Amino acid sequence: MTDIDHTAGDTARDKRPTALKGLFFFIILLLVCGGLVLAATQLRSKEGPKVATVAPEPMAVQVAPVELTTAFTLNETYSGLAEARRNSALGFSTGGRIETIAVDVGDRVKRGSILASLDTRGLRAQLASATAVVEEARAAHSLALSTVERQRTLKMQGHVSQQAVDEAEAQANTALARVEAAKAQADIFRVQIDLSRIPAPFDGVVTARRSDEGAMAGAGQPILDLVEAAHLEARIGLPANSAARLIPGDAYTLQADTGAVEAVLRSVTGVIDPAQRTVAAVFEINDAEIVASGAVVRLTMERNIDEPGFWVPVKALSTASRGLWTIYVAEPVGSGWQVATRPVEMVHTDGDRAFVRGAVTDGERVITNGLQRIVPGLPVEPRDVHRASTVNGG
């Protein structure tokens, strides 16, 4: 064996663990464990682990006692518009140049007053010509009548035959027909002159002026809009079952932004509007000065709903599954109160309150606010207990 082999063997024997090294390592491990135990002992409280022995304070919640009822009265409100009974777009039946417009927007006019007129100089000239033709025809007729008289006289004297008399009478009748035709032609021009003016068809207010003097107006072109101010009516759409309870001729009170409006029911159409699914009721407004044309008016009707349940604030409801809702109640437990849930079904909502039904007993206290802070079983203390009637406005 060479010297190199002896040296490698000695090095390998030096790296093997000895009993002395093992003992030294064991002592160090004991010291480390002892230090850890000592540190844990010092960190531990002298009184031992702290355990909660006092129950938490109950959370104060606002509640309202339930008042069960077998039915409730529902106030239903329906809206409509107050409109003028008559609203006309006025224009000329024939075209021409506008000569005068005597009114402006907002003017109140009386029936029969002239609101606008066309230039009629051409028509008046034609009327004068037609009048002259009438006079000429009348003169020819007068001459024909004189001829008839002469022919009759000659006939009686035996100088002419009956044929001559008949011819004279025929010429007289022809002349008379020409007179009537000339008069009819003159009347046409008189009517055209009359239609060249726009009279007010009823008392009302001018709401629009679409043209001015000097403009060319076409036949039937709207020039002025006139709204009847003295008579207003309100058309309100209602469900068929509610409209059936209205009585024509009875007085009803409608509500507008300006206040109460007294009206008389004139008629109920009885025909359901396919778009709105409502029946139109027409009311005559007694005092048209209270409400303006185009204003919104409302009719409120009471309807009795035979449905058992109770009223709760909408904010006291939480959504649940299968179309149901959940309310939280303060349930007595021992000497205190805790939160419990009750599933309910919503029957009707009215603003900030809802009518619901479910497994709730009369007098149970419904928690009305702070639902995000409570869970079932949480100790609570009911506060501000008041009757449900004050909650729902009754």
# chains A, B, ... in the order shown; residues from 1 in each chain; ligands from 1
call {"tool": "residues_around", "arguments": {"residues": "Ala130 in chain A", "least_positions_apart": "6", "cutoff": "8 Å", "atoms": "only C-alpha atoms", "output": "PyMOL selection string"}}
result
chain A and resi 182-183+185-186
call {"tool": "residues_around", "arguments": {"residues": "Thr94 in chain A", "least_positions_apart": "6", "cutoff": "10 Å", "atoms": "only C-alpha atoms", "output": "list in words"}}
result
Leu118, Gln192, Ile193, Leu195, Ser196, Ala217, Gly218, Ala219, Gly220 and Gln221 of chain A
call {"tool": "closest_residue", "arguments": {"among": "A:Ala244, A:Trp337, A:Met216, A:Val366", "to": "Val380 in chain A", "atoms": "only C-alpha atoms"}}
result
A:Trp337
call {"tool": "residues_around", "arguments": {"residues": "range 145-157 of chain A", "least_positions_apart": "6", "cutoff": "7 Å", "atoms": "only C-alpha atoms", "output": "PyMOL selection string"}}
result
chain A and resi 164-165+168-169+172
call {"tool": "select_by_dssp", "arguments": {"residues": "range 111-294 of chain A", "states": "strand (DSSP E)", "output": "VMD selection string"}}
result
chain A and resid 114 to 118 197 to 199 204 to 209 216 to 217 222 to 227 232 to 238 251 to 256 259 to 272 279 to 285
call {"tool": "closest_residue", "arguments": {"among": "A:Gly237, A:Gly96, A:Gly80, A:Gly204", "to": "Arg108 in chain A", "atoms": "only C-alpha atoms"}}
result
A:Gly204
call {"tool": "residues_around", "arguments": {"residues": "Gly270 in chain A", "least_positions_apart": "6", "cutoff": "10 Å", "atoms": "only C-alpha atoms", "output": "ChimeraX atom specification"}}
result
/A:240,243-244,278-281
call {"tool": "write_last_selection", "arguments": {"atoms": "N, CA, C and O atoms", "output": "PDB file, in the first residue's frame"}}
result
ATOM      1  N   ALA A 240    -110.787  48.190 -16.050  1.00  0.00           N
ATOM      2  CA  ALA A 240    -112.208  47.989 -16.315  1.00  0.00           C
ATOM      3  C   ALA A 240    -113.001  47.795 -15.025  1.00  0.00           C
ATOM      4  O   ALA A 240    -114.121  48.311 -14.890  1.00  0.00           O
ATOM      5  N   ALA A 243    -113.380  51.242 -13.419  1.00  0.00           N
ATOM      6  CA  ALA A 243    -114.269  52.106 -14.196  1.00  0.00           C
ATOM      7  C   ALA A 243    -115.724  51.706 -14.014  1.00  0.00           C
ATOM      8  O   ALA A 243    -116.623  52.551 -14.081  1.00  0.00           O
ATOM      9  N   ALA A 244    -115.988  50.427 -13.756  1.00  0.00           N
ATOM     10  CA  ALA A 244    -117.360  49.964 -13.581  1.00  0.00           C
ATOM     11  C   ALA A 244    -117.998  50.543 -12.320  1.00  0.00           C
ATOM     12  O   ALA A 244    -119.230  50.561 -12.198  1.00  0.00           O
ATOM     13  N   THR A 278    -106.758  49.987 -20.570  1.00  0.00           N
ATOM     14  CA  THR A 278    -107.584  50.763 -19.655  1.00  0.00           C
ATOM     15  C   THR A 278    -108.844  51.224 -20.378  1.00  0.00           C
ATOM     16  O   THR A 278    -108.929  51.210 -21.600  1.00  0.00           O
ATOM     17  N   VAL A 279    -109.819  51.650 -19.573  1.00  0.00           N
ATOM     18  CA  VAL A 279    -111.064  52.213 -20.082  1.00  0.00           C
ATOM     19  C   VAL A 279    -111.048  53.706 -19.791  1.00  0.00           C
ATOM     20  O   VAL A 279    -110.710  54.134 -18.679  1.00  0.00           O
ATOM     21  N   ALA A 280    -111.421  54.532 -20.774  1.00  0.00           N
ATOM     22  CA  ALA A 280    -111.376  55.984 -20.617  1.00  0.00           C
ATOM     23  C   ALA A 280    -112.649  56.487 -19.957  1.00  0.00           C
ATOM     24  O   ALA A 280    -113.759  56.118 -20.347  1.00  0.00           O
ATOM     25  N   ALA A 281    -112.470  57.324 -18.937  1.00  0.00           N
ATOM     26  CA  ALA A 281    -113.578  58.025 -18.288  1.00  0.00           C
ATOM     27  C   ALA A 281    -113.418  59.510 -18.570  1.00  0.00           C
ATOM     28  O   ALA A 281    -112.326  60.068 -18.407  1.00  0.00           O
TER      29      ALA A 281
END
call {"tool": "residues_around", "arguments": {"residues": "Glu99 in chain A", "least_positions_apart": "3", "cutoff": "6 Å", "atoms": "only C-alpha atoms", "output": "MDAnalysis selection string"}}
result
chainID A and resid 117:119 213
call {"tool": "write_last_selection", "arguments": {"atoms": "C-alpha atoms", "output": "CSV table (one decimal), in the first residue's frame"}}
result
chain,number,residue,atom,x,y,z
A,117,SER,CA,-108.6,87.6,-43.9
A,118,LEU,CA,-107.2,87.3,-47.4
A,119,ASP,CA,-106.8,89.8,-50.1
A,213,GLU,CA,-99.5,89.3,-43.2
